[in-house]
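Peer 1: The structure under discussion is supplied below as structure tokens; questions concerning it will follow.
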Amino acid sequence: MTTPDRAEQVIRMHAPLIVETVKACQEPSRRPALEQNLSRIAQIGHTDLVAVLRRILDGAREVSLLGGLEEDDAIIVEAVLRGLQNPATLPEPEVRPDPTAAAPGLAQMIHLAGRGNPQALQLVATMAEQMTGVGGRMAQVGGVMRRLVNGERDPDRLCERMDAEARSLVLKILEELARLADH
């Protein structure tokens with residue numbers, strides 16, 4: 001079951017995609033630019049989400065589109081459908097989520113990648129590359145992803161030369177990894 005806070009974090013994190021999908025539905029000339037983004041999203045493993053978003057772009061609006069989607073993907077699709085019905089419900093694309101809210105999901109992917117899951121390993125590698133490309137604190141966190149996958153758990157070594165926010169995210173990831181290791 002998705003908590004309201006969790007759903008809000010997912011919506012904030014994916015606000016640009018949600019807003020651009022709604023705009024492309026309203027203005028078909030925007031679809032080619034969105035398609036480039038959808039192709040990248042599909043390449044990192046979210047093929048079901050991309051297929052549903054493309055169906056929405058083609059005119060589908062049924063709630064049955066949510067069937068079979070992962071929890072986060074369903075939240076995104078629901079936000080798109082709501083935005084099409086009432087644009088006032090669309091998130092602000094400039095509002096960024098609290099990065100520490102991503103710690104559980106990142107830790108889960110790191111945990112699976114460290115256990116040899118090839119999809120998780122590819123996803124973590126792609127995310128680390130994207131984070132490093134963004135620069136700033138995201139680059140700092142992206143720079144330690146490989147070390148986390150390889151089992152590094154020393155917070156002092158991992159967080160060396162990080163700003164307070166990047167350090168906070170890495171510490172939360174480490175907490176989640178410790179919890180996952182206990183299960």
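Quick note on naming: the chains in the structure tokens go A, B, ... in the order shown, residues restart at 1 in each chain, and ligands are numbered from 1 in order of appearance.
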Which residues come within 10 Å of segment 104-113 of chain A, counting only C-alpha atoms, excluding same-chain residues fewer than 2 positions away, as a PyMOL selection string?
Peer 2: chain A and resi 100-102+115-125+127+145-151+169-170+172-181
Peer 1: Skipping near chain neighbours, those fewer than 5 positions away, what residues fall within 8 Å of segment 52-66 of chain A using only C-alpha atoms, listed as a list of chain:residue names?
Peer 2: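 Surrounding residues, per the criterion: A:Thr21, A:Ala24, A:Cys25, A:Ala74, A:Val77, A:Glu78, A:Leu81.
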Peer 1: What lies within 7 Å of segment 153-166 of chain A using only C-alpha atoms, ignoring chain neighbours under 6 positions off, as number ranges by chain?
Peer 2: A: 137, 140-141, 144, 174
Peer 1: For the residues in the current selection, export C-alpha atoms as a JSON list (two decimals), in the first residue's frame.
Peer 2:
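Result file part04.json:
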[["chain", "number", "residue", "atom", "x", "y", "z"],
["A", 137, "ARG", "CA", 25.81, 16.59, -4.54],
["A", 140, "GLN", "CA", 29.12, 13.02, -5.10],
["A", 141, "VAL", "CA", 26.59, 10.27, -4.37],
["A", 144, "VAL", "CA", 30.26, 6.11, -4.54],
["A", 174, "LEU", "CA", 23.80, 2.73, 4.50]]
Peer 1: Which of segment 145-183 of chain A counts as alpha helix (DSSP H) under DSSP, as a PyMOL selection string please?
Peer 2: chain A and resi 145-149+155-158+164-181
